[in-house]
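So this block is work-v5.txt, compact mmCIF, C-alpha atoms and all ligand atoms:
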# COMPACT_ATOMS: atom_id res chain seq x y z
CA MET Q 7 -19.71 14.66 -9.72
CA ALA Q 8 -20.22 13.65 -13.40
CA SER Q 9 -19.05 10.10 -13.92
CA ASP Q 10 -17.15 10.86 -17.14
CA VAL Q 11 -14.41 12.99 -15.57
CA LYS Q 12 -10.90 11.68 -15.03
CA ARG Q 13 -9.82 10.18 -11.72
CA SER Q 14 -7.38 13.06 -11.11
CA THR Q 15 -10.37 15.45 -11.23
CA LEU Q 16 -12.31 13.30 -8.76
CA ALA Q 17 -9.32 13.32 -6.40
CA ALA Q 18 -8.58 17.06 -6.69
CA GLN Q 19 -12.19 17.91 -5.83
CA ALA Q 20 -12.66 15.11 -3.28
CA LEU Q 21 -15.59 13.97 -5.46
CA GLY Q 22 -16.94 17.53 -5.69
CA GLY Q 23 -20.04 19.07 -4.16
CA SER Q 24 -20.26 20.99 -0.92
CA ASP Q 25 -21.60 20.39 2.57
CA PRO Q 26 -25.43 20.56 2.29
CA ALA Q 27 -25.80 22.12 5.77
CA THR Q 28 -23.29 24.98 5.35
CA GLY Q 29 -22.12 25.12 1.73
CA ALA Q 30 -18.57 24.46 2.90
CA VAL Q 31 -16.41 23.48 -0.09
CA VAL Q 32 -14.01 21.55 2.13
CA PRO Q 33 -15.66 18.47 3.65
CA PRO Q 34 -16.20 19.12 7.37
CA LEU Q 35 -14.57 17.17 10.17
CA VAL Q 36 -17.29 15.49 12.24
CA ALA Q 37 -15.98 14.64 15.68
CA SER Q 38 -19.24 13.42 17.22
CA ALA Q 39 -19.07 9.89 18.58
CA THR Q 40 -22.86 9.49 18.61
CA TYR Q 41 -25.84 10.48 16.45
CA GLU Q 42 -29.37 11.42 17.47
CA ARG Q 43 -32.44 9.34 16.77
CA ALA Q 44 -35.76 10.72 15.48
CA PRO Q 45 -38.82 10.33 17.75
CA ASP Q 46 -39.69 7.09 15.95
CA GLY Q 47 -36.28 5.67 16.91
CA SER Q 48 -34.79 5.82 13.41
CA TYR Q 49 -31.51 7.54 12.51
CA PRO Q 50 -32.37 10.25 9.95
CA GLY Q 51 -28.66 11.07 9.36
CA GLY Q 52 -27.83 7.44 8.58
CA HIS Q 53 -25.17 7.28 11.32
CA THR Q 54 -25.40 5.72 14.76
CA TYR Q 55 -22.06 5.47 16.56
CA THR Q 56 -18.57 6.29 15.38
CA ARG Q 57 -17.13 2.80 15.73
CA ASP Q 58 -19.63 1.68 13.08
CA GLU Q 59 -19.38 4.63 10.71
CA ASN Q 60 -18.43 8.31 10.72
CA PRO Q 61 -19.45 10.97 8.17
CA THR Q 62 -15.80 12.06 7.90
CA TYR Q 63 -14.94 8.62 6.53
CA ASP Q 64 -17.70 8.61 3.93
CA ARG Q 65 -16.15 10.95 1.36
CA CYS Q 66 -12.69 9.47 1.78
CA GLU Q 67 -13.98 5.90 1.35
CA ALA Q 68 -16.14 6.84 -1.64
CA LEU Q 69 -13.18 8.59 -3.31
CA LEU Q 70 -10.85 5.65 -2.75
CA ALA Q 71 -13.46 3.19 -4.07
CA SER Q 72 -13.88 5.23 -7.24
CA LEU Q 73 -10.12 5.65 -7.76
CA GLU Q 74 -9.69 1.85 -7.52
CA ASP Q 75 -12.79 1.10 -9.66
CA GLY Q 76 -14.09 -0.79 -6.63
CA ARG Q 77 -17.53 -1.28 -5.20
CA GLU Q 78 -16.79 0.03 -1.71
CA ALA Q 79 -13.88 0.98 0.56
CA LEU Q 80 -13.36 0.89 4.32
CA LEU Q 81 -10.81 2.86 6.35
CA PHE Q 82 -8.91 1.26 9.22
CA ALA Q 83 -6.66 2.49 12.03
CA SER Q 84 -3.56 1.35 10.10
CA GLY Q 85 -2.47 -0.73 7.13
CA MET Q 86 -1.77 -3.60 9.54
CA ALA Q 87 -5.30 -3.36 10.96
CA ALA Q 88 -6.73 -3.55 7.42
CA ALA Q 89 -4.57 -6.57 6.53
CA ALA Q 90 -5.25 -8.36 9.82
CA THR Q 91 -9.00 -7.89 9.36
CA VAL Q 92 -8.87 -9.76 6.04
CA VAL Q 93 -6.68 -12.55 7.42
CA GLU Q 94 -8.89 -13.01 10.49
CA THR Q 95 -11.79 -14.00 8.20
CA LEU Q 96 -9.97 -17.32 7.68
CA ALA Q 97 -11.63 -20.24 9.46
CA PRO Q 98 -9.40 -22.36 11.71
CA GLY Q 99 -7.34 -24.66 9.51
CA ASP Q 100 -7.80 -22.65 6.29
CA HIS Q 101 -4.75 -22.17 4.10
CA MET Q 102 -3.19 -18.93 2.90
CA ILE Q 103 -0.38 -18.19 0.45
CA ALA Q 104 1.78 -15.07 0.71
CA PRO Q 105 4.94 -13.88 -1.06
CA ALA Q 106 8.36 -14.42 0.50
CA GLU Q 107 9.26 -10.76 -0.05
CA MET Q 108 6.60 -8.52 1.44
CA TYR Q 109 6.02 -5.89 4.12
CA TRP Q 110 8.02 -7.47 6.95
CA THR Q 111 5.71 -6.72 9.90
CA LEU Q 112 2.82 -8.40 8.11
CA ARG Q 113 4.97 -11.41 7.12
CA GLY Q 114 6.14 -11.78 10.73
CA TRP Q 115 2.60 -11.51 12.07
CA LEU Q 116 1.33 -14.11 9.57
CA GLN Q 117 4.16 -16.48 10.48
CA GLY Q 118 3.40 -16.05 14.17
CA ARG Q 119 -0.31 -16.76 13.70
CA ALA Q 120 0.47 -19.78 11.50
CA ALA Q 121 2.99 -21.13 14.04
CA ALA Q 122 0.31 -20.85 16.72
CA GLY Q 123 -1.93 -23.08 14.58
CA ARG Q 124 -4.48 -20.42 13.61
CA PHE Q 125 -4.18 -21.20 9.86
CA ALA Q 126 -1.77 -22.85 7.44
CA LEU Q 127 0.64 -20.55 5.59
CA ASP Q 128 2.96 -21.03 2.63
CA LEU Q 129 5.36 -18.33 1.50
CA VAL Q 130 6.20 -18.58 -2.21
CA PRO Q 131 8.78 -16.69 -4.29
CA ASN Q 132 7.23 -13.43 -5.54
CA GLY Q 133 5.65 -13.73 -8.96
CA ASP Q 134 6.59 -17.43 -9.40
CA LEU Q 135 3.39 -18.83 -10.92
CA ASP Q 136 4.61 -22.46 -10.90
CA ALA Q 137 5.40 -22.21 -7.19
CA LEU Q 138 1.93 -20.73 -6.69
CA ARG Q 139 0.30 -23.66 -8.56
CA ARG Q 140 2.23 -26.16 -6.43
CA ALA Q 141 1.35 -24.40 -3.16
CA LEU Q 142 -2.39 -24.06 -3.88
CA ARG Q 143 -4.64 -26.53 -2.06
CA PRO Q 144 -7.98 -26.42 -3.92
CA GLY Q 145 -10.82 -26.10 -1.43
CA ALA Q 146 -8.49 -25.21 1.47
CA THR Q 147 -6.57 -22.18 0.17
CA ARG Q 148 -8.79 -19.16 0.81
CA ILE Q 149 -6.41 -16.22 0.33
CA VAL Q 150 -3.56 -15.61 -2.08
CA TRP Q 151 -1.78 -12.45 -0.92
CA VAL Q 152 0.03 -10.32 -3.48
CA GLU Q 153 2.29 -7.32 -2.90
CA THR Q 154 3.48 -5.58 -6.06
CA PRO Q 155 5.86 -3.82 -6.31
CA ALA Q 156 7.07 -5.50 -3.10
CA ASN Q 157 8.53 -3.49 -0.24
CA PRO Q 158 11.57 -3.26 -0.19
CA THR Q 159 12.90 -5.47 -3.00
CA CYS Q 160 10.64 -4.12 -5.81
CA ALA Q 161 9.77 -7.67 -6.93
CA ILE Q 162 6.84 -7.67 -9.37
CA THR Q 163 3.89 -10.08 -9.47
CA ASP Q 164 1.56 -10.53 -12.45
CA ILE Q 165 -1.80 -9.80 -10.81
CA ALA Q 166 -4.00 -11.05 -13.70
CA ALA Q 167 -2.15 -14.36 -14.04
CA THR Q 168 -2.16 -14.86 -10.26
CA ALA Q 169 -5.90 -14.18 -10.10
CA GLU Q 170 -6.64 -16.68 -12.88
CA ILE Q 171 -4.70 -19.45 -11.13
CA ALA Q 172 -6.00 -18.62 -7.64
CA HIS Q 173 -9.64 -18.34 -8.75
CA ALA Q 174 -9.48 -21.71 -10.52
CA ALA Q 175 -8.57 -23.20 -7.13
CA GLY Q 176 -11.36 -21.32 -5.32
CA ALA Q 177 -9.07 -18.81 -3.57
CA ARG Q 178 -9.45 -15.04 -3.40
CA VAL Q 179 -6.67 -12.62 -4.31
CA VAL Q 180 -5.82 -9.71 -2.03
CA THR Q 181 -3.31 -7.19 -3.38
CA ASP Q 182 -1.32 -4.89 -1.12
CA SER Q 183 -1.08 -1.96 -3.54
CA THR Q 184 0.52 0.49 -1.10
CA VAL Q 185 3.57 1.08 -3.31
CA ALA Q 186 1.62 1.48 -6.56
CA THR Q 187 -1.42 3.48 -5.34
CA PRO Q 188 -4.53 3.59 -7.57
CA VAL Q 189 -2.72 6.19 -9.70
CA LEU Q 190 -0.24 3.63 -11.08
CA CYS Q 191 -2.14 0.32 -10.84
CA ARG Q 192 -5.74 -0.87 -10.42
CA PRO Q 193 -5.59 -4.46 -9.16
CA LEU Q 194 -9.39 -4.94 -9.14
CA ARG Q 195 -9.48 -4.37 -12.90
CA LEU Q 196 -6.83 -7.06 -13.25
CA GLY Q 197 -8.88 -9.63 -11.33
CA ALA Q 198 -7.94 -9.08 -7.67
CA ASP Q 199 -10.85 -9.44 -5.24
CA LEU Q 200 -9.63 -6.98 -2.61
CA VAL Q 201 -7.05 -4.20 -2.54
CA MET Q 202 -5.29 -3.24 0.67
CA HIS Q 203 -3.42 0.02 1.33
CA SER Q 204 -1.26 1.40 4.04
CA ALA Q 205 -2.80 4.86 3.64
CA THR Q 206 0.03 6.04 5.92
CA LYS Q 207 2.20 6.08 2.82
CA GLN Q 208 1.43 7.81 -0.50
CA LEU Q 209 -2.36 8.02 -0.11
CA ASN Q 210 -1.88 10.51 2.70
CA GLY Q 211 1.55 11.49 1.50
CA HIS Q 212 2.68 13.81 4.30
CA SER Q 213 3.98 11.32 6.90
CA ASP Q 214 1.56 12.63 9.50
CA VAL Q 215 -1.27 10.07 9.55
CA LEU Q 216 -1.41 6.36 10.39
CA ALA Q 217 -4.22 4.77 8.36
CA GLY Q 218 -5.18 1.73 6.32
CA ALA Q 219 -7.84 0.85 3.78
CA LEU Q 220 -9.50 -2.04 1.99
CA VAL Q 221 -11.36 -1.78 -1.31
CA THR Q 222 -13.58 -4.56 -2.60
CA ALA Q 223 -14.61 -5.55 -6.11
CA ARG Q 224 -17.95 -6.92 -4.88
CA ASP Q 225 -20.35 -6.49 -1.98
CA ASP Q 226 -20.31 -10.18 -1.08
CA ASP Q 227 -20.22 -12.36 2.06
CA LEU Q 228 -16.53 -11.73 2.62
CA TRP Q 229 -17.04 -7.96 2.49
CA ALA Q 230 -19.98 -8.21 4.92
CA ARG Q 231 -17.69 -10.10 7.32
CA ILE Q 232 -14.98 -7.47 6.97
CA ARG Q 233 -17.44 -4.62 7.60
CA HIS Q 234 -18.78 -6.44 10.66
CA GLU Q 235 -15.25 -7.13 11.96
CA ARG Q 236 -14.21 -3.50 11.64
CA ALA Q 237 -17.22 -2.27 13.57
CA ASN Q 238 -16.88 -4.94 16.25
CA ARG Q 239 -13.13 -4.99 16.78
CA GLY Q 240 -12.99 -1.21 16.59
CA ALA Q 241 -9.76 -0.81 14.61
CA VAL Q 242 -11.22 2.36 13.07
CA LEU Q 243 -9.64 5.66 12.17
CA GLY Q 244 -10.17 8.79 14.26
CA PRO Q 245 -12.14 11.48 12.39
CA PHE Q 246 -9.19 13.90 12.44
CA GLU Q 247 -6.96 11.31 10.72
CA ALA Q 248 -9.70 10.63 8.15
CA TRP Q 249 -9.99 14.35 7.48
CA LEU Q 250 -6.22 14.72 7.02
CA LEU Q 251 -6.17 11.66 4.77
CA LEU Q 252 -8.84 13.13 2.49
CA ARG Q 253 -6.89 16.39 2.33
CA GLY Q 254 -3.76 14.45 1.37
CA MET Q 255 -5.59 12.44 -1.29
CA ARG Q 256 -6.61 15.61 -3.14
CA THR Q 257 -2.98 16.03 -4.32
CA LEU Q 258 -2.42 12.27 -4.84
CA PHE Q 259 -2.08 12.42 -8.62
CA LEU Q 260 0.47 15.27 -8.54
CA ARG Q 261 2.57 13.70 -5.79
CA VAL Q 262 2.58 10.14 -7.14
CA ALA Q 263 3.52 11.26 -10.66
CA ARG Q 264 6.32 13.52 -9.42
CA SER Q 265 7.73 10.90 -7.01
CA ALA Q 266 7.68 8.25 -9.74
CA GLU Q 267 9.46 10.58 -12.21
CA ASN Q 268 12.09 11.39 -9.60
CA ALA Q 269 12.44 7.72 -8.66
CA GLN Q 270 13.02 6.79 -12.31
CA GLN Q 271 15.82 9.39 -12.56
CA VAL Q 272 17.36 8.28 -9.27
CA ALA Q 273 17.21 4.60 -10.34
CA GLU Q 274 18.86 5.37 -13.68
CA ALA Q 275 21.65 7.33 -11.97
CA LEU Q 276 22.23 4.48 -9.49
CA ALA Q 277 22.24 1.88 -12.30
CA ARG Q 278 25.08 3.84 -13.98
CA HIS Q 279 27.11 4.38 -10.80
CA PRO Q 280 30.31 2.30 -10.55
CA ASP Q 281 29.98 1.78 -6.77
CA VAL Q 282 26.43 0.39 -6.99
CA THR Q 283 26.36 -3.38 -7.50
CA ALA Q 284 22.62 -3.54 -8.29
CA ALA Q 285 19.82 -1.00 -8.77
CA LEU Q 286 16.37 -2.52 -8.15
CA TYR Q 287 13.54 -0.57 -9.76
CA PRO Q 288 10.73 -1.93 -11.95
CA GLY Q 289 11.16 1.04 -14.30
CA LEU Q 290 14.66 -0.11 -15.30
CA PRO Q 291 14.53 -2.15 -18.54
CA ASP Q 292 16.76 -4.89 -17.08
CA HIS Q 293 14.56 -5.40 -13.98
CA PRO Q 294 13.18 -8.99 -14.12
CA GLY Q 295 9.62 -7.71 -13.61
CA HIS Q 296 9.87 -4.77 -16.02
CA GLU Q 297 7.68 -6.21 -18.80
CA ILE Q 298 4.90 -7.24 -16.41
CA ALA Q 299 5.10 -3.91 -14.57
CA ARG Q 300 4.91 -2.05 -17.89
CA ARG Q 301 1.69 -3.95 -18.71
CA GLN Q 302 -0.07 -3.63 -15.37
CA MET Q 303 1.09 -0.17 -14.23
CA GLN Q 304 0.47 3.18 -15.94
CA GLY Q 305 2.39 6.42 -15.48
CA GLY Q 306 5.36 5.18 -13.49
CA TYR Q 307 6.66 2.55 -11.12
CA GLY Q 308 6.33 4.04 -7.64
CA PRO Q 309 8.51 5.81 -5.07
CA ILE Q 310 10.66 2.90 -3.82
CA VAL Q 311 14.12 2.49 -5.33
CA SER Q 312 16.40 -0.07 -3.70
CA PHE Q 313 20.08 -0.57 -4.43
CA ARG Q 314 22.97 -2.69 -3.26
CA VAL Q 315 26.48 -1.53 -2.48
CA GLY Q 316 28.37 -4.79 -1.88
CA THR Q 317 28.69 -5.01 1.89
CA GLU Q 318 26.54 -4.42 4.95
CA ALA Q 319 29.11 -1.99 6.39
CA ARG Q 320 29.04 0.11 3.23
CA ALA Q 321 25.25 0.17 3.20
CA HIS Q 322 25.33 1.45 6.78
CA GLN Q 323 27.83 4.16 5.79
CA VAL Q 324 25.94 5.33 2.70
CA ALA Q 325 22.62 5.55 4.59
CA GLY Q 326 24.36 7.62 7.27
CA ALA Q 327 26.12 9.93 4.79
CA LEU Q 328 23.01 11.06 2.91
CA ARG Q 329 21.86 14.58 3.79
CA LEU Q 330 18.68 15.24 1.79
CA PHE Q 331 17.41 11.67 2.11
CA ARG Q 332 16.45 11.52 5.78
CA ASN Q 333 17.56 8.34 7.52
CA ALA Q 334 14.15 7.19 8.76
CA THR Q 335 11.69 4.38 8.25
CA SER Q 336 8.41 4.57 6.26
CA LEU Q 337 7.83 5.69 2.68
CA GLY Q 338 5.52 7.58 0.36
CA GLY Q 339 5.83 11.07 1.86
CA VAL Q 340 6.72 14.28 0.03
CA GLU Q 341 10.18 14.11 1.61
CA SER Q 342 12.74 11.50 0.52
CA LEU Q 343 13.79 8.88 3.06
CA VAL Q 344 16.50 6.24 3.22
CA GLU Q 345 16.73 3.04 5.24
CA HIS Q 346 19.35 0.32 5.48
CA ARG Q 347 16.76 -2.38 5.55
CA ALA Q 348 18.11 -5.81 6.59
CA PRO Q 349 19.11 -4.82 10.17
CA VAL Q 350 15.57 -3.47 10.67
CA GLU Q 351 13.95 -6.70 9.49
CA GLY Q 352 16.29 -8.90 11.55
CA PRO Q 353 17.30 -12.56 11.23
CA GLY Q 354 15.49 -14.61 8.60
CA THR Q 355 14.74 -11.69 6.29
CA PRO Q 356 15.08 -12.37 2.54
CA VAL Q 357 16.39 -8.79 2.13
CA PRO Q 358 20.12 -8.77 1.24
CA PRO Q 359 22.34 -7.27 3.99
CA ASP Q 360 23.75 -4.59 1.65
CA LEU Q 361 20.35 -3.34 0.39
CA ILE Q 362 19.45 0.31 0.86
CA ARG Q 363 15.83 1.32 0.39
CA LEU Q 364 14.97 4.81 -0.82
CA SER Q 365 11.55 6.40 -0.71
CA VAL Q 366 11.77 9.13 -3.32
CA GLY Q 367 9.79 12.29 -2.62
CA ILE Q 368 8.86 15.33 -4.69
CA GLU Q 369 12.07 17.38 -4.32
CA ASP Q 370 14.27 18.35 -7.28
CA ALA Q 371 15.58 15.15 -8.90
CA GLY Q 372 19.02 16.68 -9.54
CA ASP Q 373 19.40 17.50 -5.85
CA LEU Q 374 18.51 13.92 -4.92
CA VAL Q 375 20.98 12.39 -7.40
CA ALA Q 376 23.74 14.77 -6.20
CA ASP Q 377 23.06 13.71 -2.59
CA LEU Q 378 23.41 10.03 -3.52
CA GLU Q 379 26.64 10.74 -5.39
CA GLN Q 380 28.19 12.57 -2.42
CA ALA Q 381 27.15 9.81 -0.01
CA LEU Q 382 28.57 7.05 -2.24
CA ALA Q 383 31.82 9.04 -2.57
CA ALA Q 384 31.97 9.66 1.19
CA ALA Q 385 31.56 5.94 1.92
CA GLY Q 386 34.59 5.15 -0.28
CA ARG Q 387 35.12 1.79 -1.94
C1 LIG Q 401 3.72 0.36 5.77
C2 LIG Q 401 3.19 -0.79 5.01
C3 LIG Q 401 2.19 -1.61 5.55
C4 LIG Q 401 1.67 -1.44 6.96
O1 LIG Q 401 0.92 -0.27 7.07
P1 LIG Q 401 0.80 0.58 8.45
O2 LIG Q 401 -0.08 1.72 8.05
O3 LIG Q 401 2.19 0.98 8.85
O4 LIG Q 401 0.17 -0.32 9.46
C5 LIG Q 401 1.71 -2.65 4.76
N1 LIG Q 401 2.19 -2.88 3.52
C6 LIG Q 401 3.14 -2.10 2.98
C7 LIG Q 401 3.64 -2.41 1.60
C8 LIG Q 401 3.69 -1.05 3.70
O5 LIG Q 401 4.66 -0.30 3.16

Kindly transcribe the structure held in the file into structure tokens.
Amino acid sequence: MASDVKRSTLAAQALGGSDPATGAVVPPLVASATYERAPDGSYPGGHTYTRDENPTYDRCEALLASLEDGREALLFASGMAAAATVVETLAPGDHMIAPAEMYWTLRGWLQGRAAAGRFALDLVPNGDLDALRRALRPGATRIVWVETPANPTCAITDIAATAEIAHAAGARVVTDSTVATPVLCRPLRLGADLVMHSATKQLNGHSDVLAGALVTARDDDLWARIRHERANRGAVLGPFEAWLLLRGMRTLFLRVARSAENAQQVAEALARHPDVTAALYPGLPDHPGHEIARRQMQGGYGPIVSFRVGTEARAHQVAGALRLFRNATSLGGVESLVEHRAPVEGPGTPVPPDLIRLSVGIEDAGDLVADLEQALAAAGR
């Protein structure tokens, strides 16, 4: 497709073109695990075996790379598989820095690996550049992990400032951009080296695929390692999931914009509500990360709105009293979800016990606000 069209056009048409063999407008699903050689032993189709590459991935990876302004993308079996593949490139004894507030399963896995002596890990307060400078060990710190907005607290990190500091110390910056998606933020343009996504969330958008992705700014040694690791460890996506993911990504720009608009309205309603002690959303002018988010995001602030209601018991009640917001984990689907988060994350979580996380979908915003109002009223004071 012509390179001067907007990213929303690229997404809607899945990069355009049709299948050369059949003329099919929708990219075909290729289930074959193996690919035939020519008599001379070469692979005329450019594919060998599905653990290494699959034609159903190609369009999806190319689309994601172009949406992120990246060089190349790779799909993985899950967001965790994508993240773990980056982290496993650390040599024994290397150092990594990650934010205190981040996707909890990844934080727990990193802490477990660090405790076992695999690498050294420091968790620093999200977006605190002085703490980052103090934690950096020039020559030893290889990865500075960023998650912005962070799940579930909505803490914001300045990607460009982080990259400048990390690069000066010889470290690479990896940004988990699951909550923002390439629609709202492009970390590679801001200086990040790699972008990671849980494609399970808004990229697919229909809560029916588990998938992850990495996008790189450069085809360098690190990327070659990552490509090799994916093919050898085999944490790849099935072709059916890749096909569903590409279908979901064609409506990415519509869904992300609508969810972000709804989330802004929900956050504003919660901020005004007398029974809400704090509304956490980067789109609210009094959010501590609002100015940075306004600079590095375009078109909205994502689907996650968190709020606090004073006590753990009340949070439990409100989450249980919502009717349209389904009480279920995950985020980024077309349907709105709610989760009382601290009990899920368990002891040691930095998430306050009375925090409720919403994932705002594409329903009518008035319906969603009314549902929150009835649940807050039902929970009493
Ligand atoms: C869900 C999530 C992940 C993990 O992705 P999976 O696809 O569930 O493995 C990582 N980071 C963030 C911010 C997430 O929300």

Proximity check chain Q to ligand LIG 401 (chain Q), 6 Å, nearest pairs one decimal Å, all atoms listed in the file, as a Markdown table:
| residue | atom | partner | partner_atom | distance |
| --- | --- | --- | --- | --- |
| Q:Ser84 | CA | Q:LIG401 | O2 | 4.1 |
| Q:Gly85 | CA | Q:LIG401 | O1 | 3.4 |
| Q:Met86 | CA | Q:LIG401 | O4 | 3.8 |
| Q:Tyr109 | CA | Q:LIG401 | C6 | 4.9 |
| Q:Asn157 | CA | Q:LIG401 | C7 | 5.3 |
| Q:Thr184 | CA | Q:LIG401 | C7 | 5.0 |
| Q:Ser204 | CA | Q:LIG401 | O1 | 4.1 |
| Q:Thr206 | CA | Q:LIG401 | O2 | 4.8 |
| Q:Leu216 | CA | Q:LIG401 | O2 | 5.4 |
| Q:Ala217 | CA | Q:LIG401 | O2 | 5.2 |
| Q:Gly218 | CA | Q:LIG401 | O2 | 5.4 |

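In this comparison, which uses all atoms listed in the file, the residue of Q:Leu337, Q:Ala68, Q:Ile165, Q:Ile362 approaching Asp182 (chain Q) most closely is Q:Ile165.
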
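Within 9 Å of the point (-8.5, -20.9, -6.0), and counting all atoms listed in the file, the protein, DNA and RNA residues are Leu142, Arg143, Pro144, Gly145, Ala146, Thr147, Arg148, Ile149, Val150, Ala169, Glu170, Ile171, Ala172, His173, Ala174, Ala175, Gly176, Ala177, Arg178 and Val179 of chain Q.
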
Export of prior selection with C-alpha atoms as a short mmCIF file (atom, residue, chain, number, x, y, z; two decimals), in the coordinates of the input:
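Below is the file again-v2.cif, written as the result:
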data_model
loop_
_atom_site.label_atom_id
_atom_site.label_comp_id
_atom_site.auth_asym_id
_atom_site.auth_seq_id
_atom_site.Cartn_x
_atom_site.Cartn_y
_atom_site.Cartn_z
CA LEU Q 142 -2.39 -24.06 -3.88
CA ARG Q 143 -4.64 -26.53 -2.06
CA PRO Q 144 -7.98 -26.42 -3.92
CA GLY Q 145 -10.82 -26.10 -1.43
CA ALA Q 146 -8.49 -25.21 1.47
CA THR Q 147 -6.57 -22.18 0.17
CA ARG Q 148 -8.79 -19.16 0.81
CA ILE Q 149 -6.41 -16.22 0.33
CA VAL Q 150 -3.56 -15.61 -2.08
CA ALA Q 169 -5.90 -14.18 -10.10
CA GLU Q 170 -6.64 -16.68 -12.88
CA ILE Q 171 -4.70 -19.45 -11.13
CA ALA Q 172 -6.00 -18.62 -7.64
CA HIS Q 173 -9.64 -18.34 -8.75
CA ALA Q 174 -9.48 -21.71 -10.52
CA ALA Q 175 -8.57 -23.20 -7.13
CA GLY Q 176 -11.36 -21.32 -5.32
CA ALA Q 177 -9.07 -18.81 -3.57
CA ARG Q 178 -9.45 -15.04 -3.40
CA VAL Q 179 -6.67 -12.62 -4.31
#

May I have the residues within 8 Å of region 235-240 of chain Q as a PDB file with C-alpha atoms, keeping the file's coordinate frame, using only C-alpha atoms and disregarding those fewer than 3 positions away in the same chain?
ATOM      1  CA  ARG Q  57     -17.130   2.800  15.730  1.00  0.00           C
ATOM      2  CA  ASP Q  58     -19.630   1.680  13.080  1.00  0.00           C
ATOM      3  CA  GLU Q  59     -19.380   4.630  10.710  1.00  0.00           C
ATOM      4  CA  PHE Q  82      -8.910   1.260   9.220  1.00  0.00           C
ATOM      5  CA  THR Q  91      -9.000  -7.890   9.360  1.00  0.00           C
ATOM      6  CA  ARG Q 231     -17.690 -10.100   7.320  1.00  0.00           C
ATOM      7  CA  ILE Q 232     -14.980  -7.470   6.970  1.00  0.00           C
TER       8      ILE Q 232
END

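You can rank Q:His279, Q:Arg261, Q:His346, Q:His293 by their closest distance to Glu318 (chain Q) using all atoms listed in the file, and at the top of that list sits Q:His346.
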
Please fill the gaps in region 325-339 of chain Q so it has N, CA and C atoms, and write that as a PDB file, keeping the file's coordinate frame.
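That gives us out-v4.pdb:
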ATOM      1  N   ALA Q 325      23.883   5.061   3.993  1.00  0.00           N
ATOM      2  CA  ALA Q 325      22.620   5.550   4.590  1.00  0.00           C
ATOM      3  C   ALA Q 325      22.890   6.686   5.564  1.00  0.00           C
ATOM      4  N   GLY Q 326      24.025   6.590   6.283  1.00  0.00           N
ATOM      5  CA  GLY Q 326      24.360   7.620   7.270  1.00  0.00           C
ATOM      6  C   GLY Q 326      24.933   8.886   6.643  1.00  0.00           C
ATOM      7  N   ALA Q 327      25.451   8.777   5.427  1.00  0.00           N
ATOM      8  CA  ALA Q 327      26.120   9.930   4.790  1.00  0.00           C
ATOM      9  C   ALA Q 327      25.162  10.776   3.948  1.00  0.00           C
ATOM     10  N   LEU Q 328      23.956  10.275   3.692  1.00  0.00           N
ATOM     11  CA  LEU Q 328      23.010  11.060   2.910  1.00  0.00           C
ATOM     12  C   LEU Q 328      22.513  12.250   3.735  1.00  0.00           C
ATOM     13  N   ARG Q 329      22.301  13.378   3.070  1.00  0.00           N
ATOM     14  CA  ARG Q 329      21.860  14.580   3.790  1.00  0.00           C
ATOM     15  C   ARG Q 329      20.420  14.939   3.462  1.00  0.00           C
ATOM     16  N   LEU Q 330      20.063  14.911   2.168  1.00  0.00           N
ATOM     17  CA  LEU Q 330      18.680  15.240   1.790  1.00  0.00           C
ATOM     18  C   LEU Q 330      17.748  14.072   2.071  1.00  0.00           C
ATOM     19  N   PHE Q 331      18.195  12.864   1.742  1.00  0.00           N
ATOM     20  CA  PHE Q 331      17.410  11.670   2.110  1.00  0.00           C
ATOM     21  C   PHE Q 331      17.518  11.513   3.619  1.00  0.00           C
ATOM     22  N   ARG Q 332      16.410  11.635   4.326  1.00  0.00           N
ATOM     23  CA  ARG Q 332      16.450  11.520   5.780  1.00  0.00           C
ATOM     24  C   ARG Q 332      16.483  10.049   6.152  1.00  0.00           C
ATOM     25  N   ASN Q 333      17.354   9.733   7.123  1.00  0.00           N
ATOM     26  CA  ASN Q 333      17.560   8.340   7.520  1.00  0.00           C
ATOM     27  C   ASN Q 333      16.443   7.958   8.501  1.00  0.00           C
ATOM     28  N   ALA Q 334      15.350   7.471   7.951  1.00  0.00           N
ATOM     29  CA  ALA Q 334      14.150   7.190   8.760  1.00  0.00           C
ATOM     30  C   ALA Q 334      13.316   6.132   8.058  1.00  0.00           C
ATOM     31  N   THR Q 335      12.524   5.403   8.851  1.00  0.00           N
ATOM     32  CA  THR Q 335      11.690   4.380   8.250  1.00  0.00           C
ATOM     33  C   THR Q 335      10.453   5.022   7.600  1.00  0.00           C
ATOM     34  N   SER Q 336       9.631   4.178   6.978  1.00  0.00           N
ATOM     35  CA  SER Q 336       8.410   4.570   6.260  1.00  0.00           C
ATOM     36  C   SER Q 336       8.736   5.024   4.835  1.00  0.00           C
ATOM     37  N   LEU Q 337       7.684   5.363   4.104  1.00  0.00           N
ATOM     38  CA  LEU Q 337       7.830   5.690   2.680  1.00  0.00           C
ATOM     39  C   LEU Q 337       6.590   6.434   2.213  1.00  0.00           C
ATOM     40  N   GLY Q 338       6.704   7.006   0.995  1.00  0.00           N
ATOM     41  CA  GLY Q 338       5.520   7.580   0.360  1.00  0.00           C
ATOM     42  C   GLY Q 338       5.179   8.995   0.786  1.00  0.00           C
ATOM     43  N   GLY Q 339       6.075   9.670   1.507  1.00  0.00           N
ATOM     44  CA  GLY Q 339       5.830  11.070   1.860  1.00  0.00           C
ATOM     45  C   GLY Q 339       6.421  11.999   0.808  1.00  0.00           C
TER      46      GLY Q 339
END
